[in-house]
Amino acid sequence: MKRKVIAGNWKMNMLPNETIKFIEELTPMVKDTENEVILCVPYIDLFYALLNAQGTNIKIGAQNMHYEESGAYTGEISGKMLKSIGVEYVIIGHSERRQYFAETDETVNKKIKTALANELKPIVCVGETLSQREAGKAEKIITKQTELALEGLTEKQVKELIIAYEPIWAIGTGKTATKEDANEAIKAIRNKIAKIYGQTVADGVIIQYGGSVKSSNAKELFEMSDIDGGLVGGASLKPEEFSKIVNYNK
Ligand code: PEP
């Protein structure tokens with residue numbers, strides 16, 4: 001069976017001492033899961049997270065990176081820097097970065113390429129706004145975002161990445177997409193990948209759902225045919241709640 005991947009996105013929360021405590025508490029709670037567990041933490045916490053997750057089944061990711069390898073980009077972090085300390089995953093194109101930090105489909109595409117060149121696994125976010133959904137344009141928007149994000153990638157590269165379908169209206173709002181709508185949207189993304197790379201590649205790509213996932217709705221979402229796990233924001237900030245999401249099938 002295909003693996004389920006559950007990633008926490010801490011956003012701009014948690015200090016290094018809180019990170020250490022969190023991982024200490026989470027480790028025994030998720031040690032027996034067959035699901036993949038990832039924590040995407042702020043840059044300042046990465047080193048502490050990596051040290052404290054050593055020897056556990058918790059993997060560590062960053063929340064962003066620059067698309068250039070190095071240079072005069074004050075305040076930025078490169079893929080090579082992330083890789084050098086042992087980071088495995090990086091979120092790319094989160095809607096908050098698209099909304100507040102001028103991230104575009106073009107920069108998302110460049111970042112994915114640089115991440116893969118540095119052997120980082122990108123978690124690529126796509127999702128529609130509420131008005132786009134209400135206008136019946138959700139599928140068109142998310143499949144276009146997917147196509148642009150993957151532009152120029154080889155089949156081998158596409159197999160390395162994770163896509164997170166995150167309807168913007170569901171992020172941090174407490175409103176979750178219905179399991180049927182989330183599954184349909186993810187199917188549409190998968191069909192788009194199949195059109196470009198073939199059905200076998202598309203079937204192998206992990207596509208998560210994100211948007212107000214919590215322990216009370218994780219099971220019904222993650223049991224849907226096309227949903228391969230979740231990207232979890234608010235509910236990933238408490239070890240017990242996050243562990244219940246990771247252990248949704250226990
Ligand atoms: C997110 O930040 O990717 C997210 C889905 O947030 P939340 O779970 O809080 O809606």
# chains A, B, ... in the order shown; residues from 1 in each chain; ligands from 1

$ select_by_dssp --residues "region 3-236 of chain A" --states "strand (DSSP E)" --output "VMD selection string"
chain A and resid 5 to 9 36 to 40 58 to 62 89 to 92 121 to 126 162 to 165 206 to 210 229 to 232

$ residues_near_ligand --ligand "ligand 1" --cutoff "9 Å" --atoms "only C-alpha atoms and all ligand atoms" --output "PyMOL selection string"
chain A and resi 7-11+94-96+125+164+166-176+209-214+230-236

$ select_by_dssp --residues "region 53-187 of chain A" --states "helix (DSSP H, G or I)" --output "MDAnalysis selection string"
chainID A and resid 53 79:84 95:100 105:117 130:134 138:150 155:160 168:170 179:187

$ atom_distance --atom1 "CA of Ile60 (chain A)" --atom2 "CA of Val90 (chain A)"
8.6 Å

$ closest_residue --among "A:Gly204, A:Gly152, A:Gly79, A:Gly93" --to "Leu116 (chain A)" --atoms "only C-alpha atoms"
A:Gly79

$ closest_residue --among "A:Gln157, A:Asn52, A:Asn249, A:Ala185" --to "Thr27 (chain A)" --atoms "only C-alpha atoms"
A:Asn52

$ atom_distance --atom1 "CA of Tyr67 (chain A)" --atom2 "CA of Leu148 (chain A)"
15.5 Å
